[in-house]
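Below you'll find the structure, written out as C-alpha cells, and then a few comments.
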Amino acid sequence: MLGVAVLATTLAAVCLHFDAKLGGLLEEAERTAYDTVVTRFTARREVSSQVVLVTIDQPSLERIRANEQYALNFGSWPYSRNLWARVVEQLEAEGARAIVFDAVMDERGTDESMDLAFAQVLQETSIPFYLGVSTHANAPLLPPADFGAAVAVDRPTQEEDTFPEEAGAETFEDGALEAVLPSASPEQLARAIAFPVRANGRTLPALDYATSSGERLPSHPVPPIPVLVGAVDGFGLVEPESDADGFMRRTRFVYSDGPNAFATLPVRVAAGLLGASAIEFSGRTLRLGSRTYAVDADGSAGIDFGGQLHDRFTSVPLISVLDAWVHRGQGQPTGLPPDVFRGKVVIIGGNAVGLNDVKATSFSSHEPGVVKQAAVLDTLLGNGRFITRAPLGVSLALVFAVAFVSVVLLMTTRWTPLEIAWPLGLYAGMSWVTGPALGLTNTYVLTALPALAGVLASVSAVAFNHLVANEEAAFIRQAFSRFMEPKLVEQMIAQRELPRLDGENVEITAFFSDIRGFSTFSERFKDDPRNLVRLLNTYLTRVSAALLKEGGCLDKYIGDAVVCLFGAPMRQADHALRGCKGALAAKAAVDRLRDEFRAQGLPDMYTRIGVNTAVNFVGNFGSEQLFSYTAIGDGMNLAARLEGANKAYGSVIMIGPRTYELAREHIEVRELDRVRVAGKTEAVTVYELLALKGGLDARKRKTVERYHAALALYRAARFEEAAAVLNARRAEDPEDGPTQALLERCQRYVKAPPQDFDGVANLDK
C-alpha cells in the first residue's frame with residue numbers, strides 16, 4: 001500500500017513538472033478546482049468599508065446624453081475632462097479619502113484647454129487622485145527614474161472664476177494655447193510613472209505581451225498627457241493580469257520593463273495612502289510602509305474577490321455624482337446617501353456593456369474590470385489577506401495522504417461499488433478538504449493534483465485487488481473445493497467472505513464422529529486390508545457427503561473419525577442448526593450403509609457423533625512442510641469428548657449446551673445429564689439429538705418424558721424412585737440406550753450411595 005501511494009505521488013509530481021509539455025491539462029484542472037474552492041469557501045456578504053465605486057453605467061451614459069446642459073458641457077463618450085473635474089470637486093465635498101480613476105488619459109482631448117483646466121482642478125483640490133497607465137509595444141522606453149528629482153512641471157494658471165467650459169479654445173489666440181500647455185521630459189515621465197521597488201534579489205515580472213505565434217515581446221508604459229504629470233498624485237498599471245483562460249485570479253503587484261519598476265494601480269494608491277516610499281519584497285512578504293502582506297514565492301498572490309462586485313462594494317452611478325454637483329451649486333440637497341463617500345477611497349470605473357470592460361473572475365464570467373482594482377485595493381487597505389499558495393511540500397504531503405488513504409481504503413474493503421464511487425468522488429470531494437483551509441487561512445493547497453494522485457492510486461489499488469482476488473479465488477478453490485460443497489466455495493468467493501487464513505476467533509459448530517468398535521471391525525479384515533480400505537472409504541464418503549450437503553467444511557479424517565466445521569471458513573448465522581442437521585443426516589446415511597453391509601454379509605457398523613458450538617481459533621496451522629485450515633480450542637475438545645461420551649450413555653448423537661441454545665427451536669432433544677469432562681471443573685449440560693422439530697414419534701416421545709422424570713429424581717438423590725420410573729413400561733422401548741445407562745447407575749447408587757453427590761457425572765475419558 002505504501003509503495004502504491006509513493007508511486008502515485010511520484011507520477012502526480014512528474015505530471016505537474018511536465019504539465020506545460022502535456023498541454024497544460026493539469027493546470028487547467030487546477031484552475032477549475034481553484035474556482036470551485038474559492039467560490040465555495042471565500043464568498044462573503046459584508047460590504048467593503050474601505051472602497052466605494054462610482055460606476056459609469058448604462059443609465060448614466062443615457063441620461064448624460066439626454067441632458068442638454070451636460071451634453072453641451074461634457075460632450076459624448078469619452079467625455080471632456082472637465083466632467084471629471086466636476087466629479088473630483090463633488091467627491092472632495094463629500095469627504096472622500098482618495099479618488100482612483102480606473103482608466104487612462106494618454107491622449108490629448110479635442111479641446112486641450114479642458115485638459116489644462118482638469119489638471120488645475122487636481123492641483124487646487126486636496127483630495128489625492130490616482131490614474132491608470134496602460135502598456136504598449138510601441139510605447140517609448142523611458143530612462144531610469146531619478147527619484148530624487150522633482151516631478152512637477154511649470155504650468156500657467158487661469159484667471160480666477162474662469163471655467164474651461166465657459167472659456168474654451170477660442171479664449172486663446174492662435175498658437176497661444178500650445179504655448180501655455182506644459183510638456184514633460186522623459187526623465188520627468190519616468191519619475192512620475194515608475195515607483196521604487198526593493199526586490200532583494202527577486203526577479204520582477206517583465207512587461208511583455210504574447211504574439212499570435214506565442215512569442216513574448218516587450219512592452220512599455222504609455223505615458224499620460226504631460227499636463228497631468230505633477231497634477232496627479234500617482235500613476236499605476238491597469239494590466240488585466242488574466243490567466244491563460246482569460247479569468248482574473250491573481251495579481252503580481254509590480255512589473256518591470258528593464259530600467260524601471262512600475263506598481264499596479266491599487267498598489268500605487270495604497271502606497272500613497274499608507275505613506276510608503278517604496279515597495280519591498282522579502283521572502284514571501286510584501287511590505288508597504290508599516291504594513292506587510294503574505295505573497296507567494298514569485299511575488300504574486302491570489303485576489304480575494306469575496307464574491308461578485310455588487311455583493312462586495314457599494315456603487316453610486318456617475319450621473320448621481322454629477323447631479324449632486326449641480327444641486328450643491330444651487331444650494332439644494334445632493335440626493336446622495338449620507339456619508340456614502342466619507343472616509344472612503346472612491347474608484348471610478350465603467351460597467352456599461354458598451355465600454356467593453358468585461359472580465360471574468362472565479363465568481364462570474366461577466367464582471368466589470370474595475371472589480372480587480374477594487375478587490376486588490378480593499379485587501380491592501382483592509383484585512384491584508386491575499387490568497388496564497390501553500391508551499392509545494394505541503395501540497396505534495398496532501399497528495400501522498402490522499403493517495404495512501406485511497407489505496408488503503410480500496411485494498412482493505414475490496415467493495416466494488418466503492419471502487420467505482422471513490423475515484424469519481426475525489427474531484428468533487430477534494431474541495432471539501434482544501435476548502436476549509438482556504439476559508440480559515442487564505443492559503444490554497446493544490447486540489448486537482450491530490451485528486452489525480454488519488455485516482456492513480458485508486459486505479460492501482462483496484463487492479464491490485466482484482467489481481468489478488470483472482471489469486472485468492474484460485475487458492476480458495478484449490479484449498480476448500482475438496483472439503484466443501486463447490487457451490488458454497490463459489491458463493492464464498494462471490495460474496496468476498498474469504499477466510500482469514502492467518503487465524504481469527506470465530507464461533508463455530510464442530511462435528512466429531514467415530515465408528516464404534518472399529519478395532520473389532522478391522523480385525524475381521526486383517527487378512528484382507530484392501531477390502532477394509534474400500535469399506536472405510538465408502539463409510540467416509542457417505543458421511544462426508546451428508547455433511548457437505550448441509551454446508552459443512554471437512555476438517556480432517558483421523559483414521560475412521562470425521563471432523564467437520566460449520567460456520568467457517570464461510571460465515572453461517574445458522575451454523576448450530578446446520579451442525580445438527582449434518583449429524584442427523586450422517587446418522588441416516590450410516591443406517592442405510594448398515595443395511596447394505598448386512599445384505600452383503602459384512603459385519604455391522606455403528607457410529608457415534610459429538611456436536612458442540614463455541615468460539616474457537618480458526619486458520620491455517622502446520623509447519624513449513626504441511627499445513628491445513630482447521631480449528632483449535634476448548635470447544636473442539638468438548639466436541640471430541642461428547643462423541644466419546646455417547647458410549648457411557650448409550651446414545652448416538654450428543655450435543656453441547658451452546659448448540660442446544662442456538663438450535664432449540666428447530667430440534668428434538670433429550671437432556672442426558674450434567675457432566676464434568678476431564679481437565680475441567682465446570683459442569684455442562686449435555687443433550688441427545690433425536691430429530692428435527694416435529695420428527696419424533698409418539699413412542700420415543702414417551703420414552704424421553706419418562707427419562708426426564710427419572711433424571712429429576714436422580715438429581716434429587718432419590719435413586720430407588722428414579723429406577724422405578726425407568727423400569728415402568730420399559731418394555732415399550734427396550735433398546736433405548738440412555739434409559740438403560742441411567743437405570744444401571746441408579747441401581748448401583750441404591751446399593752452403594754455416593755458421597756457428596758451433586759448430580760454431576762465425571763467423564764474421565
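Residue names in the C-alpha cells use chain letters A, B, ... in the order shown, residue numbers from 1 in each chain, and ligand numbers from 1 in the order shown.
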Identify, on the basis of only C-alpha atoms, every residue whose closest approach to Glu28 of chain A does not exceed 12 Å; exclude the query and any residue fewer than 2 positions from it along the same chain; express the result as a compact mmCIF listing (two decimals) with all heavy atoms, in the first residue's frame.
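The resulting part_22.txt:
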```txt
# COMPACT_ATOMS: atom_id res chain seq x y z
N LEU A 16 2.92 17.22 -12.86
CA LEU A 16 2.97 18.65 -12.54
C LEU A 16 4.19 19.30 -13.17
O LEU A 16 4.10 20.41 -13.72
CB LEU A 16 2.98 18.83 -11.02
CG LEU A 16 3.06 20.27 -10.51
CD1 LEU A 16 1.80 21.03 -10.89
CD2 LEU A 16 3.25 20.30 -8.99
N ASP A 19 3.77 19.48 -17.02
CA ASP A 19 2.41 19.82 -17.45
C ASP A 19 2.40 20.70 -18.68
O ASP A 19 1.54 20.54 -19.56
CB ASP A 19 1.68 20.53 -16.30
CG ASP A 19 0.21 20.77 -16.64
OD1 ASP A 19 -0.46 19.80 -17.01
OD2 ASP A 19 -0.22 21.92 -16.54
N ALA A 20 3.35 21.63 -18.79
CA ALA A 20 3.38 22.52 -19.95
C ALA A 20 3.57 21.72 -21.24
O ALA A 20 2.95 22.01 -22.27
CB ALA A 20 4.49 23.55 -19.79
N LEU A 22 2.64 18.74 -21.64
CA LEU A 22 1.47 17.88 -21.81
C LEU A 22 0.23 18.69 -22.20
O LEU A 22 -0.88 18.15 -22.20
CB LEU A 22 1.20 17.11 -20.51
CG LEU A 22 2.30 16.16 -20.05
CD1 LEU A 22 1.96 15.56 -18.70
CD2 LEU A 22 2.52 15.05 -21.08
N GLY A 23 0.43 19.95 -22.53
CA GLY A 23 -0.69 20.77 -22.97
C GLY A 23 -1.36 21.55 -21.86
O GLY A 23 -2.42 22.16 -22.08
N GLY A 24 -0.79 21.55 -20.66
CA GLY A 24 -1.36 22.32 -19.56
C GLY A 24 -2.67 21.77 -19.04
O GLY A 24 -3.47 22.51 -18.45
N LEU A 25 -2.91 20.49 -19.21
CA LEU A 25 -4.18 19.90 -18.77
C LEU A 25 -4.32 19.96 -17.25
O LEU A 25 -5.41 20.25 -16.73
CB LEU A 25 -4.29 18.45 -19.25
CG LEU A 25 -4.32 18.26 -20.78
CD1 LEU A 25 -4.37 16.77 -21.11
CD2 LEU A 25 -5.51 18.98 -21.38
N LEU A 26 -3.22 19.69 -16.55
CA LEU A 26 -3.29 19.72 -15.10
C LEU A 26 -3.50 21.15 -14.59
O LEU A 26 -4.25 21.37 -13.63
CB LEU A 26 -2.01 19.12 -14.51
CG LEU A 26 -1.97 18.98 -12.98
CD1 LEU A 26 -3.13 18.14 -12.49
CD2 LEU A 26 -0.66 18.36 -12.54
N GLU A 30 -6.48 22.44 -12.34
CA GLU A 30 -6.22 23.13 -11.08
C GLU A 30 -6.95 24.46 -11.03
O GLU A 30 -7.44 24.87 -9.96
CB GLU A 30 -4.71 23.33 -10.90
CG GLU A 30 -4.28 23.57 -9.47
CD GLU A 30 -4.55 22.37 -8.58
OE1 GLU A 30 -3.98 21.30 -8.81
OE2 GLU A 30 -5.39 22.52 -7.65
N ARG A 31 -7.02 25.17 -12.17
CA ARG A 31 -7.76 26.43 -12.20
C ARG A 31 -9.24 26.19 -11.92
O ARG A 31 -9.89 26.94 -11.18
CB ARG A 31 -7.59 27.11 -13.56
CG ARG A 31 -6.23 27.77 -13.75
CD ARG A 31 -6.26 28.74 -14.94
NE ARG A 31 -6.49 28.04 -16.20
CZ ARG A 31 -5.53 27.70 -17.04
NH1 ARG A 31 -4.26 27.98 -16.75
NH2 ARG A 31 -5.80 27.09 -18.18
N THR A 32 -9.78 25.12 -12.52
CA THR A 32 -11.19 24.79 -12.27
C THR A 32 -11.43 24.46 -10.81
O THR A 32 -12.41 24.91 -10.20
CB THR A 32 -11.62 23.61 -13.16
OG1 THR A 32 -11.41 23.94 -14.53
CG2 THR A 32 -13.08 23.26 -12.94
N ALA A 33 -10.51 23.68 -10.23
CA ALA A 33 -10.63 23.34 -8.81
C ALA A 33 -10.51 24.58 -7.95
O ALA A 33 -11.22 24.74 -6.94
CB ALA A 33 -9.56 22.31 -8.44
N TYR A 34 -9.59 25.47 -8.31
CA TYR A 34 -9.40 26.72 -7.57
C TYR A 34 -10.70 27.54 -7.57
O TYR A 34 -11.12 28.05 -6.52
CB TYR A 34 -8.26 27.52 -8.20
CG TYR A 34 -8.03 28.88 -7.58
CD1 TYR A 34 -7.18 29.03 -6.49
CD2 TYR A 34 -8.64 30.01 -8.10
CE1 TYR A 34 -6.97 30.28 -5.93
CE2 TYR A 34 -8.43 31.26 -7.54
CZ TYR A 34 -7.59 31.39 -6.46
OH TYR A 34 -7.38 32.63 -5.91
N ASP A 35 -11.33 27.66 -8.73
CA ASP A 35 -12.58 28.42 -8.81
C ASP A 35 -13.64 27.81 -7.91
O ASP A 35 -14.38 28.53 -7.21
CB ASP A 35 -13.08 28.45 -10.26
CG ASP A 35 -12.19 29.29 -11.16
OD1 ASP A 35 -11.43 30.12 -10.63
OD2 ASP A 35 -12.25 29.11 -12.40
N ASP A 243 -5.34 34.99 -16.52
CA ASP A 243 -4.74 33.67 -16.73
C ASP A 243 -4.93 33.26 -18.18
O ASP A 243 -5.55 33.97 -18.97
CB ASP A 243 -5.38 32.65 -15.80
CG ASP A 243 -4.97 32.85 -14.35
OD1 ASP A 243 -3.90 33.45 -14.12
OD2 ASP A 243 -5.72 32.43 -13.45
N ALA A 244 -4.42 32.08 -18.52
CA ALA A 244 -4.49 31.61 -19.90
C ALA A 244 -5.92 31.47 -20.39
O ALA A 244 -6.18 31.58 -21.60
CB ALA A 244 -3.75 30.28 -20.03
N ASP A 245 -6.87 31.24 -19.49
CA ASP A 245 -8.26 31.09 -19.90
C ASP A 245 -9.03 32.40 -19.87
O ASP A 245 -10.24 32.42 -20.07
CB ASP A 245 -8.97 30.07 -19.01
CG ASP A 245 -8.94 30.45 -17.53
OD1 ASP A 245 -8.30 31.47 -17.19
OD2 ASP A 245 -9.53 29.72 -16.72
N GLY A 246 -8.32 33.52 -19.63
CA GLY A 246 -8.96 34.83 -19.63
C GLY A 246 -9.55 35.26 -18.31
O GLY A 246 -10.06 36.37 -18.19
N PHE A 247 -9.47 34.43 -17.28
CA PHE A 247 -10.03 34.77 -15.98
C PHE A 247 -9.00 35.54 -15.15
O PHE A 247 -7.80 35.25 -15.19
CB PHE A 247 -10.43 33.51 -15.21
CG PHE A 247 -11.76 32.95 -15.63
CD1 PHE A 247 -11.97 32.49 -16.92
CD2 PHE A 247 -12.81 32.89 -14.72
CE1 PHE A 247 -13.20 31.98 -17.30
CE2 PHE A 247 -14.04 32.37 -15.10
CZ PHE A 247 -14.24 31.92 -16.39
N THR A 447 -5.49 21.23 -5.33
CA THR A 447 -6.67 20.38 -5.18
C THR A 447 -6.78 19.34 -6.28
O THR A 447 -7.09 18.17 -6.02
CB THR A 447 -7.93 21.26 -5.16
OG1 THR A 447 -7.82 22.22 -4.10
CG2 THR A 447 -9.18 20.42 -4.95
N ALA A 448 -6.53 19.75 -7.51
CA ALA A 448 -6.63 18.79 -8.61
C ALA A 448 -5.51 17.77 -8.56
O ALA A 448 -5.71 16.60 -8.91
CB ALA A 448 -6.61 19.53 -9.95
N LEU A 449 -4.32 18.19 -8.13
CA LEU A 449 -3.18 17.26 -8.08
C LEU A 449 -3.42 16.11 -7.09
O LEU A 449 -3.20 14.95 -7.43
CB LEU A 449 -1.90 18.01 -7.74
CG LEU A 449 -0.61 17.21 -7.88
CD1 LEU A 449 -0.36 16.84 -9.34
CD2 LEU A 449 0.59 18.00 -7.33
```
Could you name the residues that touch Arg202 of chain A at 12 Å or less, counting only C-alpha atoms, but leaving out those on the same chain fewer than 4 positions away, as number ranges by chain?
A: 197-198, 254-256, 280-286, 296-300
Using only C-alpha atoms, can you tell me which of A:Tyr539, A:Tyr629, A:Phe195, A:Tyr707 comes closest to Ala145 of chain A?
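Answer, going by the shortest atom-to-atom distance: A:Phe195.
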Contact residues around Ala206 of chain A with only C-alpha atoms at 10 Å, ignoring same-chain residues under 4 positions, as number ranges by chain
A: 217-220, 254-258, 261
Let's have the selection written as a tab-separated table (two decimals), in the first residue's frame, with C-alpha atoms.
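Listed below is the output, out.tsv:
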```tsv
chain	number	residue	atom	x	y	z
A	217	LEU	CA	7.72	40.67	-26.87
A	218	PRO	CA	8.50	43.58	-24.52
A	219	SER	CA	6.07	46.40	-23.93
A	220	HIS	CA	6.35	49.69	-22.05
A	254	VAL	CA	4.74	45.30	-9.73
A	255	TYR	CA	6.25	44.87	-13.19
A	256	SER	CA	9.48	45.90	-14.83
A	257	ASP	CA	10.47	46.89	-18.36
A	258	GLY	CA	14.16	46.74	-17.54
A	261	ALA	CA	9.67	49.13	-11.99
```
One number please: atom CA of Phe404 of chain A to atom CA of Ile387 of chain A, in Å, one decimal.
27.9 Å
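Between Asn637 of chain A and the residues A:Val675, A:Ala510, A:Ala324, A:Val51, the shortest atom-to-atom distance, using only C-alpha atoms, involves A:Ala510.
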Write out as a ChimeraX atom specification all residues of segment 474-669 of chain A that DSSP puts in alpha helix (DSSP H) for this structure's backbone.
/A:474-480,486-494,518-523,529-549,575-599,634-649,657-663
Enumerate as a PyMOL selection string all residues of segment 525-712 of chain A assigned to strand (DSSP E) by DSSP on the backbone, naming them with the chain letters and numbers the document uses.
chain A and resi 553-558+561-566+606-622+627-632+653-655+667-677+684-692
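Atom CA of Glu668 of chain A to atom CA of Lys693 of chain A spans 5.3 Å [interatomic distance, one decimal].
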Counting only C-alpha atoms, figure out which residue out of A:Arg524, A:Arg598, A:His136, A:Arg40 gets nearest to Leu438 of chain A.
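Closest candidate: A:Arg40.
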Quick one: residues within 7 Å of segment 610-613 of chain A, only C-alpha atoms, excluding same-chain residues fewer than 6 positions away - as a PyMOL selection string?
chain A and resi 507-513+576+579+635+638-640+642-643+653-656+658-659
Write a file of the selected residues as an mmCIF file, in the first residue's frame, keeping N, CA, C and O atoms.
```cif
data_model
loop_
_atom_site.group_PDB
_atom_site.id
_atom_site.type_symbol
_atom_site.label_atom_id
_atom_site.label_comp_id
_atom_site.auth_asym_id
_atom_site.auth_seq_id
_atom_site.Cartn_x
_atom_site.Cartn_y
_atom_site.Cartn_z
ATOM 1 N N GLU A 507 -17.047 -18.005 16.392
ATOM 2 C CA GLU A 507 -17.944 -19.010 16.958
ATOM 3 C C GLU A 507 -18.347 -19.966 15.843
ATOM 4 O O GLU A 507 -18.922 -19.547 14.836
ATOM 5 N N ILE A 508 -18.058 -21.225 16.024
ATOM 6 C CA ILE A 508 -18.375 -22.238 15.032
ATOM 7 C C ILE A 508 -19.009 -23.433 15.741
ATOM 8 O O ILE A 508 -19.013 -23.531 16.974
ATOM 9 N N THR A 509 -19.530 -24.356 14.937
ATOM 10 C CA THR A 509 -20.048 -25.623 15.459
ATOM 11 C C THR A 509 -19.182 -26.743 14.909
ATOM 12 O O THR A 509 -19.011 -26.864 13.695
ATOM 13 N N ALA A 510 -18.628 -27.537 15.823
ATOM 14 C CA ALA A 510 -17.718 -28.618 15.442
ATOM 15 C C ALA A 510 -18.455 -29.958 15.491
ATOM 16 O O ALA A 510 -19.259 -30.218 16.392
ATOM 17 N N PHE A 511 -18.145 -30.802 14.527
ATOM 18 C CA PHE A 511 -18.746 -32.145 14.405
ATOM 19 C C PHE A 511 -17.625 -33.184 14.501
ATOM 20 O O PHE A 511 -16.621 -33.089 13.781
ATOM 21 N N PHE A 512 -17.790 -34.146 15.404
ATOM 22 C CA PHE A 512 -16.870 -35.286 15.516
ATOM 23 C C PHE A 512 -17.689 -36.561 15.401
ATOM 24 O O PHE A 512 -18.740 -36.701 16.050
ATOM 25 N N SER A 513 -17.206 -37.506 14.600
ATOM 26 C CA SER A 513 -17.862 -38.816 14.528
ATOM 27 C C SER A 513 -16.796 -39.908 14.528
ATOM 28 O O SER A 513 -15.659 -39.670 14.094
ATOM 29 N N ALA A 576 -25.151 -23.670 14.031
ATOM 30 C CA ALA A 576 -25.525 -24.688 15.027
ATOM 31 C C ALA A 576 -26.600 -25.620 14.464
ATOM 32 O O ALA A 576 -26.526 -26.851 14.602
ATOM 33 N N GLY A 579 -25.111 -27.848 11.899
ATOM 34 C CA GLY A 579 -24.372 -28.944 12.529
ATOM 35 C C GLY A 579 -25.298 -30.059 12.975
ATOM 36 O O GLY A 579 -24.984 -31.255 12.824
ATOM 37 N N GLY A 635 -13.626 -25.595 22.667
ATOM 38 C CA GLY A 635 -14.864 -26.039 22.020
ATOM 39 C C GLY A 635 -14.656 -27.268 21.177
ATOM 40 O O GLY A 635 -15.520 -28.159 21.122
ATOM 41 N N LEU A 638 -14.244 -30.271 23.551
ATOM 42 C CA LEU A 638 -15.507 -30.743 24.117
ATOM 43 C C LEU A 638 -16.302 -31.536 23.096
ATOM 44 O O LEU A 638 -16.936 -32.549 23.432
ATOM 45 N N ALA A 639 -16.265 -31.108 21.827
ATOM 46 C CA ALA A 639 -16.973 -31.863 20.785
ATOM 47 C C ALA A 639 -16.429 -33.281 20.702
ATOM 48 O O ALA A 639 -17.194 -34.258 20.567
ATOM 49 N N ALA A 640 -15.095 -33.427 20.775
ATOM 50 C CA ALA A 640 -14.486 -34.763 20.743
ATOM 51 C C ALA A 640 -14.889 -35.567 21.969
ATOM 52 O O ALA A 640 -15.156 -36.782 21.883
ATOM 53 N N LEU A 642 -17.629 -35.242 23.702
ATOM 54 C CA LEU A 642 -19.039 -35.610 23.606
ATOM 55 C C LEU A 642 -19.219 -36.828 22.719
ATOM 56 O O LEU A 642 -20.068 -37.691 22.989
ATOM 57 N N GLU A 643 -18.423 -36.875 21.637
ATOM 58 C CA GLU A 643 -18.505 -38.064 20.777
ATOM 59 C C GLU A 643 -18.184 -39.320 21.572
ATOM 60 O O GLU A 643 -18.886 -40.340 21.483
ATOM 61 N N ILE A 653 -25.993 -39.412 19.101
ATOM 62 C CA ILE A 653 -25.584 -38.021 18.833
ATOM 63 C C ILE A 653 -25.723 -37.219 20.122
ATOM 64 O O ILE A 653 -26.834 -37.067 20.653
ATOM 65 N N MET A 654 -24.618 -36.686 20.610
ATOM 66 C CA MET A 654 -24.636 -35.861 21.812
ATOM 67 C C MET A 654 -24.196 -34.446 21.433
ATOM 68 O O MET A 654 -23.209 -34.254 20.720
ATOM 69 N N ILE A 655 -24.985 -33.456 21.895
ATOM 70 C CA ILE A 655 -24.663 -32.057 21.578
ATOM 71 C C ILE A 655 -24.422 -31.272 22.857
ATOM 72 O O ILE A 655 -24.918 -31.624 23.936
ATOM 73 N N GLY A 656 -23.648 -30.179 22.720
ATOM 74 C CA GLY A 656 -23.321 -29.343 23.856
ATOM 75 C C GLY A 656 -24.377 -28.290 24.136
ATOM 76 O O GLY A 656 -25.322 -28.091 23.357
ATOM 77 N N ARG A 658 -24.348 -24.894 24.140
ATOM 78 C CA ARG A 658 -24.472 -23.752 23.238
ATOM 79 C C ARG A 658 -25.150 -24.162 21.936
ATOM 80 O O ARG A 658 -25.950 -23.399 21.385
ATOM 81 N N THR A 659 -24.898 -25.377 21.479
ATOM 82 C CA THR A 659 -25.573 -25.867 20.274
ATOM 83 C C THR A 659 -27.069 -25.957 20.518
ATOM 84 O O THR A 659 -27.875 -25.527 19.682
#
```
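Remark: for Val370 of chain A, the closest of the candidate residues A:Asn82, A:Gln308, A:Gln330, A:Asn616 is A:Gln308 (distances computed over only C-alpha atoms).
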What's around Pro78 of chain A at 12 Å? Count only C-alpha atoms, leave out sequence neighbours fewer than 5 positions away in its own chain, and write the answer as a ChimeraX atom specification.
/A:56,61,64-65,71,83-84,103-105,107-110,350,354-355
For Arg729 of chain A, work out the shell of residues within 10 Å, counting only C-alpha atoms and skipping chain neighbours fewer than 5 positions away, then give it as a ChimeraX atom specification.
/A:702-703,706,724,734
Write the residues of the selection above to a file with C-alpha atoms, as a short mmCIF file (atom, residue, chain, number, x, y, z; two decimals), in the first residue's frame.
```cif
data_model
loop_
_atom_site.label_atom_id
_atom_site.label_comp_id
_atom_site.auth_asym_id
_atom_site.auth_seq_id
_atom_site.Cartn_x
_atom_site.Cartn_y
_atom_site.Cartn_z
CA LYS A 702 -42.97 -41.04 25.88
CA THR A 703 -39.56 -42.60 26.46
CA ARG A 706 -40.11 -40.89 31.31
CA ALA A 724 -38.80 -47.50 39.44
CA PRO A 734 -36.21 -51.82 25.40
#
```
Long-range neighbours of segment 559-568 of chain A as a PyMOL selection string, 9 Å cut-off, only C-alpha atoms, 4 positions minimum in chain
chain A and resi 483+499+506-515+518+536+539-540+543-544+547-548+550-555+572-576+578-579+618+630-631+640
Selection to disk with C-alpha atoms, as a compact mmCIF listing (two decimals), in the first residue's frame:
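For reference, again.txt as written:
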```
# COMPACT_ATOMS: atom_id res chain seq x y z
CA PHE A 483 -13.70 -30.08 1.76
CA PRO A 499 -11.33 -16.62 5.39
CA VAL A 506 -14.95 -17.27 15.44
CA GLU A 507 -17.94 -19.01 16.96
CA ILE A 508 -18.37 -22.24 15.03
CA THR A 509 -20.05 -25.62 15.46
CA ALA A 510 -17.72 -28.62 15.44
CA PHE A 511 -18.75 -32.14 14.41
CA PHE A 512 -16.87 -35.29 15.52
CA SER A 513 -17.86 -38.82 14.53
CA ASP A 514 -16.24 -42.20 15.05
CA ILE A 515 -17.02 -45.85 14.28
CA PHE A 518 -13.60 -50.02 14.85
CA LEU A 536 -13.79 -47.43 5.19
CA TYR A 539 -18.21 -45.04 5.02
CA LEU A 540 -16.23 -41.80 4.94
CA VAL A 543 -20.76 -39.38 5.97
CA SER A 544 -18.81 -36.61 4.22
CA LEU A 547 -22.12 -33.13 5.96
CA LEU A 548 -21.16 -31.22 2.80
CA GLU A 550 -25.59 -29.16 4.92
CA GLY A 551 -22.80 -26.64 4.26
CA GLY A 552 -20.11 -28.17 6.43
CA CYS A 553 -16.39 -27.87 5.80
CA LEU A 554 -14.49 -31.14 6.18
CA ASP A 555 -11.61 -30.50 8.54
CA GLN A 572 -23.16 -19.12 8.58
CA ALA A 573 -25.56 -17.49 11.00
CA ASP A 574 -27.34 -20.88 11.47
CA HIS A 575 -24.16 -22.94 11.89
CA ALA A 576 -25.52 -24.69 15.03
CA ARG A 578 -26.58 -26.91 10.21
CA GLY A 579 -24.37 -28.94 12.53
CA VAL A 618 -9.60 -21.00 13.12
CA THR A 630 -8.54 -26.14 10.94
CA ALA A 631 -9.77 -25.00 14.35
CA ALA A 640 -14.49 -34.76 20.74
```
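Here atom CA of Tyr209 of chain A and atom CA of Phe262 of chain A stand 15.8 Å from one another.
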